[in-house]
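Printed here is start-v9.txt (compact mmCIF, C-alpha atoms):
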# COMPACT_ATOMS: atom_id res chain seq x y z
CA MET M 6 89.52 -43.02 7.43
CA ILE M 7 90.09 -42.58 3.69
CA LYS M 8 90.91 -45.34 1.20
CA ILE M 9 91.44 -44.75 -2.51
CA GLN M 10 91.83 -48.09 -4.23
CA ARG M 11 91.48 -50.02 -7.46
CA GLU M 12 90.26 -53.17 -5.68
CA ASP M 13 86.70 -53.96 -4.66
CA PHE M 14 85.72 -53.84 -1.00
CA ASP M 15 83.65 -56.13 1.24
CA ILE M 16 80.89 -54.00 2.76
CA GLY M 17 80.26 -56.35 5.68
CA ALA M 18 83.93 -56.66 6.56
CA GLU M 19 84.47 -52.90 6.33
CA LEU M 20 81.48 -52.04 8.52
CA THR M 21 82.42 -54.71 11.05
CA ALA M 22 85.98 -53.41 11.27
CA LEU M 23 84.76 -49.82 11.59
CA THR M 24 82.60 -50.50 14.64
CA GLU M 25 84.60 -53.27 16.29
CA GLY M 26 85.44 -52.49 19.92
CA ARG M 27 83.74 -49.08 19.75
CA HIS M 28 80.87 -49.57 22.13
CA GLY M 29 79.86 -45.91 22.20
CA ILE M 30 78.36 -46.43 18.73
CA GLY M 31 74.59 -46.75 18.72
CA GLY M 32 73.98 -46.04 15.04
CA LEU M 33 75.86 -46.89 11.85
CA ALA M 34 74.82 -45.38 8.50
CA SER M 35 76.23 -46.33 5.13
CA PHE M 36 75.92 -45.41 1.48
CA VAL M 37 77.16 -47.59 -1.38
CA GLY M 38 77.41 -46.20 -4.91
CA LEU M 39 77.18 -48.69 -7.79
CA VAL M 40 77.76 -48.53 -11.54
CA ARG M 41 74.41 -48.46 -13.40
CA ASP M 42 73.91 -50.01 -16.84
CA VAL M 43 71.48 -47.39 -18.13
CA ILE M 44 72.07 -43.66 -17.73
CA GLY M 45 70.01 -40.63 -18.65
CA THR M 46 66.35 -40.19 -19.53
CA GLY M 47 64.31 -39.83 -22.72
CA ALA M 48 66.35 -39.30 -25.87
CA GLY M 49 69.52 -39.05 -23.78
CA THR M 50 69.17 -42.62 -22.49
CA ARG M 51 72.22 -44.74 -23.12
CA THR M 52 73.48 -48.15 -22.12
CA VAL M 53 76.81 -48.23 -20.37
CA GLY M 54 79.06 -51.22 -20.89
CA ALA M 55 81.66 -50.05 -18.42
CA MET M 56 83.19 -46.92 -17.01
CA THR M 57 86.67 -45.85 -16.05
CA LEU M 58 87.17 -43.67 -13.02
CA GLU M 59 90.15 -41.37 -13.14
CA HIS M 60 91.34 -39.29 -10.21
CA TYR M 61 94.06 -36.87 -9.17
CA PRO M 62 96.34 -38.79 -6.80
CA GLY M 63 97.40 -36.57 -3.95
CA MET M 64 94.62 -34.05 -4.26
CA THR M 65 91.98 -36.78 -3.92
CA GLU M 66 93.31 -37.89 -0.53
CA LYS M 67 93.67 -34.29 0.58
CA MET M 68 90.11 -33.32 -0.39
CA LEU M 69 88.54 -36.42 1.14
CA ALA M 70 90.45 -35.86 4.40
CA LYS M 71 89.12 -32.29 4.44
CA ILE M 72 85.57 -33.45 3.80
CA GLU M 73 85.88 -36.02 6.59
CA ALA M 74 87.26 -33.36 8.97
CA GLU M 75 84.32 -31.10 8.10
CA ALA M 76 81.84 -33.89 8.90
CA ARG M 77 83.56 -34.63 12.20
CA GLN M 78 83.35 -30.97 13.10
CA ARG M 79 79.63 -30.77 12.36
CA TRP M 80 78.50 -34.09 13.89
CA ALA M 81 79.67 -36.11 16.88
CA LEU M 82 81.00 -39.10 14.97
CA GLU M 83 82.54 -42.12 16.64
CA ALA M 84 83.86 -43.44 13.34
CA CYS M 85 83.95 -42.47 9.67
CA LEU M 86 85.05 -44.31 6.54
CA ILE M 87 85.22 -43.31 2.89
CA ILE M 88 86.36 -45.84 0.29
CA HIS M 89 86.44 -44.68 -3.34
CA ARG M 90 87.56 -46.89 -6.18
CA PHE M 91 89.26 -45.90 -9.43
CA GLY M 92 90.01 -47.75 -12.67
CA ARG M 93 87.66 -49.68 -14.95
CA LEU M 94 84.34 -50.76 -13.45
CA GLU M 95 81.36 -52.61 -14.91
CA PRO M 96 77.61 -52.31 -14.19
CA GLY M 97 76.87 -53.66 -10.73
CA ASP M 98 80.38 -52.93 -9.46
CA ARG M 99 80.74 -50.94 -6.26
CA ILE M 100 82.27 -47.47 -6.71
CA VAL M 101 82.13 -45.85 -3.31
CA LEU M 102 81.35 -46.63 0.33
CA VAL M 103 80.64 -43.95 2.90
CA ALA M 104 80.03 -45.11 6.47
CA THR M 105 79.46 -43.00 9.56
CA ALA M 106 78.89 -44.11 13.12
CA SER M 107 77.62 -42.15 16.08
CA ALA M 108 75.93 -42.63 19.45
CA HIS M 109 72.58 -41.96 17.82
CA ARG M 110 71.13 -42.40 14.35
CA GLN M 111 70.52 -38.79 13.40
CA ALA M 112 74.16 -37.70 13.42
CA ALA M 113 75.19 -40.85 11.54
CA LEU M 114 72.50 -40.49 8.87
CA GLU M 115 73.04 -36.77 8.33
CA ALA M 116 76.83 -37.02 8.22
CA CYS M 117 76.59 -39.87 5.70
CA ALA M 118 74.34 -37.82 3.39
CA PHE M 119 76.61 -34.80 3.79
CA LEU M 120 79.73 -36.79 2.92
CA ILE M 121 78.38 -38.29 -0.27
CA ASP M 122 76.90 -34.95 -1.39
CA TRP M 123 80.16 -33.11 -0.79
CA LEU M 124 82.30 -35.85 -2.22
CA LYS M 125 80.40 -35.69 -5.50
CA THR M 126 81.21 -32.02 -5.98
CA LYS M 127 84.64 -31.67 -4.35
CA ALA M 128 86.64 -34.87 -4.79
CA PRO M 129 88.67 -34.89 -8.04
CA PHE M 130 87.25 -37.95 -9.79
CA TRP M 131 86.04 -38.16 -13.38
CA LYS M 132 83.98 -40.87 -15.07
CA LEU M 133 84.57 -42.01 -18.63
CA GLU M 134 81.61 -44.06 -19.89
CA GLU M 135 81.88 -46.73 -22.54
CA THR M 136 78.69 -46.69 -24.64
CA ALA M 137 77.65 -47.96 -28.07
CA ALA M 138 78.42 -44.43 -29.39
CA GLY M 139 81.96 -44.62 -28.04
CA ALA M 140 83.66 -43.42 -24.87
CA GLN M 141 82.49 -40.15 -23.39
CA TRP M 142 83.30 -38.17 -20.27
CA VAL M 143 80.37 -37.80 -17.89
CA ALA M 144 79.23 -34.19 -17.44
CA ALA M 145 78.74 -32.78 -13.95
CA ARG M 146 75.10 -32.47 -12.89
CA ALA M 147 73.54 -29.30 -11.54
CA SER M 148 71.46 -31.46 -9.16
CA ASP M 149 74.70 -32.60 -7.49
CA ASP M 150 75.70 -28.98 -6.92
CA GLN M 151 72.26 -28.28 -5.45
CA ALA M 152 72.51 -31.31 -3.17
CA ALA M 153 75.90 -30.12 -1.90
CA ALA M 154 74.68 -26.53 -1.53
CA ARG M 155 71.93 -27.45 0.93
CA TRP M 156 74.65 -28.24 3.51
CA VAL M 157 76.08 -24.73 3.15
CA ALA M 158 72.75 -22.97 3.61
CA GLU M 159 72.11 -24.65 6.97
CA MET U 2 106.02 -25.09 -12.77
CA LYS U 3 104.20 -28.37 -13.27
CA VAL U 4 100.91 -28.41 -15.17
CA LEU U 5 98.59 -31.43 -15.02
CA TYR U 6 95.58 -32.17 -17.23
CA PHE U 7 92.77 -34.58 -16.38
CA ALA U 8 89.83 -36.21 -18.17
CA TRP U 9 88.89 -34.51 -21.48
CA LEU U 10 91.44 -31.73 -20.94
CA ARG U 11 94.11 -34.42 -21.17
CA SER U 12 92.46 -35.97 -24.24
CA LYS U 13 92.29 -32.61 -26.00
CA THR U 14 95.78 -31.37 -25.15
CA GLY U 15 97.25 -34.83 -25.61
CA VAL U 16 99.35 -34.25 -22.49
CA ALA U 17 98.87 -35.58 -18.93
CA GLU U 18 101.65 -33.59 -17.35
CA GLU U 19 104.29 -31.08 -18.39
CA THR U 20 106.93 -28.93 -16.76
CA LEU U 21 107.18 -25.43 -18.11
CA VAL U 22 108.71 -22.06 -17.45
CA PRO U 23 106.05 -19.47 -18.31
CA PRO U 24 107.04 -16.03 -19.61
CA PRO U 25 107.72 -13.44 -16.87
CA GLY U 26 104.36 -11.72 -17.43
CA VAL U 27 102.44 -14.79 -16.26
CA THR U 28 101.58 -14.31 -12.58
CA THR U 29 98.07 -15.74 -12.24
CA VAL U 30 96.09 -18.82 -13.23
CA ALA U 31 94.30 -16.73 -15.88
CA GLY U 32 97.65 -15.60 -17.28
CA LEU U 33 98.90 -19.16 -17.44
CA ILE U 34 95.73 -20.27 -19.24
CA ASP U 35 96.14 -17.45 -21.79
CA HIS U 36 99.73 -18.56 -22.32
CA LEU U 37 98.67 -22.19 -22.87
CA ARG U 38 95.76 -21.21 -25.11
CA ALA U 39 98.11 -19.21 -27.32
CA ARG U 40 99.82 -22.46 -28.26
CA GLY U 41 96.74 -23.18 -30.38
CA GLY U 42 95.58 -26.65 -31.48
CA GLY U 43 94.42 -28.94 -28.69
CA TYR U 44 95.29 -26.40 -26.00
CA GLU U 45 93.11 -23.74 -27.57
CA ASP U 46 90.29 -26.24 -27.95
CA ALA U 47 90.57 -27.53 -24.37
CA LEU U 48 90.67 -24.04 -22.85
CA LYS U 49 88.22 -22.18 -25.08
CA ASP U 50 85.32 -22.35 -22.57
CA LEU U 51 86.52 -21.79 -19.03
CA SER U 52 83.02 -22.26 -17.59
CA CYS U 53 83.68 -26.00 -17.81
CA VAL U 54 87.27 -25.91 -16.58
CA ARG U 55 88.24 -26.13 -12.91
CA VAL U 56 91.67 -25.30 -11.51
CA ALA U 57 93.73 -26.50 -8.57
CA VAL U 58 96.95 -24.87 -7.41
CA ASN U 59 99.10 -27.14 -5.26
CA GLN U 60 96.18 -29.55 -4.95
CA GLU U 61 93.70 -26.95 -3.65
CA PHE U 62 90.81 -25.57 -5.72
CA ALA U 63 91.70 -22.12 -7.02
CA GLU U 64 90.11 -19.22 -8.87
CA LEU U 65 91.41 -17.65 -12.07
CA ASP U 66 92.91 -14.66 -10.24
CA GLN U 67 95.03 -16.78 -7.92
CA LYS U 68 98.77 -16.07 -8.08
CA VAL U 69 101.06 -18.74 -9.47
CA ARG U 70 104.81 -18.98 -9.17
CA ALA U 71 107.72 -21.23 -10.08
CA GLY U 72 107.50 -24.60 -8.37
CA ASP U 73 103.69 -24.61 -8.21
CA GLU U 74 101.64 -27.60 -9.33
CA ILE U 75 98.70 -26.39 -11.42
CA ALA U 76 95.98 -28.82 -12.44
CA LEU U 77 93.32 -28.17 -15.08
CA PHE U 78 90.27 -30.41 -15.20
CA PRO U 79 86.50 -30.53 -15.83
CA PRO U 80 83.93 -30.28 -13.00
CA VAL U 81 84.27 -33.46 -10.95
CA THR U 82 81.94 -36.46 -11.41
CA GLY U 83 82.91 -38.95 -8.71
CA GLY U 84 80.78 -40.75 -6.14
Turn the structure described in the file into structure tokens.
Amino acid sequence: MIKIQREDFDIGAELTALTEGRHGIGGLASFVGLVRDVIGTGAGTRTVGAMTLEHYPGMTEKMLAKIEAEARQRWALEACLIIHRFGRLEPGDRIVLVATASAHRQAALEACAFLIDWLKTKAPFWKLEETAAGAQWVAARASDDQAAARWVAE
Amino acid sequence: MKVLYFAWLRSKTGVAEETLVPPPGVTTVAGLIDHLRARGGGYEDALKDLSCVRVAVNQEFAELDQKVRAGDEIALFPPVTGG
């Protein structure tokens, strides 16, 4: 299931709803992405007051549905949920929830890691940070590409 | 043809979305980008380094040599940074 929304989400309520009545589930894995207040290292360190997440309505839903379908093809999932927020968010705010459920933990844990890695490189979202130096668009990280690439090599 | 711009490509071009009829010689994404770049100003600036520009045609990631035609929705944006 895919949800793209401006509103916050309740992790407990979402996970409960995802597994409710599905008694074939033995393992539920989840990842929650949050807005950090300090980004970068060394001289590049900056404090973030807030960030605005922009996305491409239409393509976002399409890409996330594809990524979910890919995960379901690779792992025997009983349930799968991706919630991604957009709009202005402040440090501590939740950005994304990925939850995967399977009969056993390994499929759930691997599929969860796969989904967040792929989402970071394939879903059309962009972050605009508000810092003391002004607003700036976040640059893509090579480490995210590498994280996504490990799922292709296997 | 509809062309959409996201993130800093929108800031630089000053346009989020436009409908245009490209000249007959424009048949690929690369051709469309050349056409837009030739407008100069913010377009030239936004499209000067294609290593940091990604393209989608009809909401699917596309390469520069992909064909484009009337009615297509072309989106130009930086590498994604969600999650």
- Message: Counting all atoms listed in the file, a student should be able to say which residues of chain M come within 9 Å of chain U; what is the right answer, written as an NGL selection string?
- Response: :M and (38-39 or 58-61 or 63-65 or 67-68 or 89 or 100-102 or 121-122 or 124-133 or 141-146)
Residues of region 52-80 of chain U at most 10 Å from region 33-46 of chain U: nearest atom pair and distance in Å, all atoms listed in the file, as JSON lines:
{"residue": "U:Leu65", "atom": "CA", "partner": "U:Ile34", "partner_atom": "CA", "distance": 8.8}
{"residue": "U:Lys68", "atom": "CA", "partner": "U:Leu33", "partner_atom": "CA", "distance": 9.9}
{"residue": "U:Val69", "atom": "CA", "partner": "U:Leu33", "partner_atom": "CA", "distance": 8.3}
{"residue": "U:Ile75", "atom": "CA", "partner": "U:Leu33", "partner_atom": "CA", "distance": 9.4}
{"residue": "U:Leu77", "atom": "CA", "partner": "U:Ile34", "partner_atom": "CA", "distance": 9.2}
Might you pull out every residue within 12 Å of His28 (chain M), with all atoms listed in the file counted and same-chain residues fewer than 6 positions away left off, and present them as an mmCIF file with C-alpha atoms, keeping the file's coordinate frame?
data_model
loop_
_atom_site.group_PDB
_atom_site.id
_atom_site.type_symbol
_atom_site.label_atom_id
_atom_site.label_comp_id
_atom_site.auth_asym_id
_atom_site.auth_seq_id
_atom_site.Cartn_x
_atom_site.Cartn_y
_atom_site.Cartn_z
ATOM 1 C CA GLU M 83 82.540 -42.120 16.640
ATOM 2 C CA ALA M 84 83.860 -43.440 13.340
ATOM 3 C CA ALA M 106 78.890 -44.110 13.120
ATOM 4 C CA SER M 107 77.620 -42.150 16.080
ATOM 5 C CA ALA M 108 75.930 -42.630 19.450
#
- Task: Calculate how many Å separate CA of Leu120 (chain M) from CA of Thr57 (chain M), rounding to one decimal.
- Result: 22.1 Å
Report, as lines of an AutoDock Vina configuration file, the axis-aligned box around all atoms of region 102-105 of chain M present in the file, extended by 8 Å on each side; give centre and edge lengths in Å to one decimal place.
center_x = 80.4
center_y = -44.8
center_z = 4.9
size_x = 17.9
size_y = 19.6
size_z = 25.2
- May I have the residues within 12 Å of Leu23 (chain M) as a PyMOL selection string, using all atoms listed in the file and disregarding those fewer than 5 positions away in the same chain? chain M and resi 6-7+16-18+28+30+32-35+82-87+103-107
- Point (85.0, -57.3, -12.0), cut-off 12 Å, counting all atoms listed in the file, residues as a PyMOL selection string: chain M and resi 11-14+40+55-56+92-100
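Take CA of Glu66 (chain M) and CA of Ala63 (chain U): the distance between them is 17.1 Å.
Of the listed residues (M:Val53, M:Ile9, M:Ala81, M:Ala48), M:Val53 comes nearest to Glu134 (chain M); the distances count only C-alpha atoms.
Between CA of Lys3 (chain U) and CA of Glu18 (chain U) there is a distance of 7.1 Å.
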- Message: I'd like to know which of M:Cys117, M:Ala112, M:Ala137, M:Ala154 is closest to Val37 (chain M), using all atoms listed in the file.
- Response: M:Cys117
- Query: Out of M:Arg110, M:Arg79, M:Arg90, M:Arg41, which residue has the shortest atom-to-atom distance to Trp156 (chain M) when counting all atoms listed in the file?
  - Reply: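 Among the listed residues, M:Arg79 lies closest to Trp156 (chain M).
Here the question is which of M:Ala140, M:Leu20, M:Gly54, M:Ala76 gets nearest to Leu114 (chain M) using only C-alpha atoms, and that residue is M:Ala76.
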